[in-house]
Amino acid sequence: MTYIVTEQCIACKHMDCVEVCPVDCFYEGENMLVIHPDECIDCGVCEPECPADAIRPALSADDDDWVAFNAKYARLWPNITEIGEVPANANEMQGVPDKLKTLFSEKPGAGS
């Protein structure tokens, strides 16, 4: 099992999860984070830290697309080990529907 970052992170990117990760397996895109599934040790400390509820364990085949998504962008984006600049409207973006279709950016984050 691994933990995954899902659509709810897009345009929220609070980054509280980064500070608690003991293996530094978060990677930063322009407007979201992902977890490298091969680096995650399944400790779960990141999940309760996310105010947007964007992190969850990949428990079923239904999560396979998000595991692949996280793996793809973890290879493309820079590793992040400290909280960076959180978007000013992060709280307002929580719960916005269809963010993957309307707001997602493939660009790497500030750490690149």
# chains A, B, ... in the order shown; residues from 1 in each chain; ligands from 1
>>> residues_around(residues="Tyr27 in chain A", least_positions_apart="4", cutoff="7 Å", atoms="only C-alpha atoms", output="ChimeraX atom specification")
/A:33-35,74,77-80
>>> residues_around(residues="Leu59 in chain A", least_positions_apart="4", cutoff="10 Å", atoms="only C-alpha atoms", output="list in words")
Met1, Thr2, Tyr3, Ile4, Asp63 and Asp64 of chain A
>>> atom_distance(atom1="CA of Met15 in chain A", atom2="CA of Met32 in chain A")
8.9 Å
>>> select_by_dssp(residues="range 36-103 of chain A", states="helix (DSSP H, G or I)", output="list of chain:residue names")
A:Glu47, A:Pro48, A:Glu49, A:Ala61, A:Asp62, A:Asp63, A:Asp64, A:Asp65, A:Trp66, A:Val67, A:Ala68, A:Phe69, A:Asn70, A:Ala71, A:Lys72, A:Tyr73, A:Ala74, A:Arg75, A:Leu76, A:Ala90, A:Asn91, A:Glu92, A:Met93, A:Lys99, A:Leu100, A:Lys101, A:Thr102
>>> atom_distance(atom1="CA of Ile41 in chain A", atom2="CA of Pro87 in chain A")
27.9 Å
>>> residues_around(residues="Ile83 in chain A", least_positions_apart="5", cutoff="12 Å", atoms="only C-alpha atoms", output="NGL selection string")
:A and (13-21 or 24 or 26-28 or 33 or 110-111)
>>> closest_residue(among="A:Thr81, A:Asp65, A:Gln8, A:Ala58", to="Pro22 in chain A", atoms="only C-alpha atoms")
A:Thr81
>>> atom_distance(atom1="CA of Val96 in chain A", atom2="CA of Val45 in chain A")
24.9 Å
>>> select_by_dssp(residues="chain A", states="strand (DSSP E or B)", output="JSON, numbers by chain")
{"A": [3, 4, 5, 26, 27, 28, 29, 33, 34, 35, 55, 56, 57, 79, 80, 108]}
>>> closest_residue(among="A:Asn70, A:Asn31, A:Ser60, A:Asn89", to="Ser105 in chain A", atoms="only C-alpha atoms")
A:Asn31
>>> closest_residue(among="A:Gly109, A:Pro37, A:Leu103, A:Pro57", to="Val86 in chain A", atoms="only C-alpha atoms")
A:Gly109
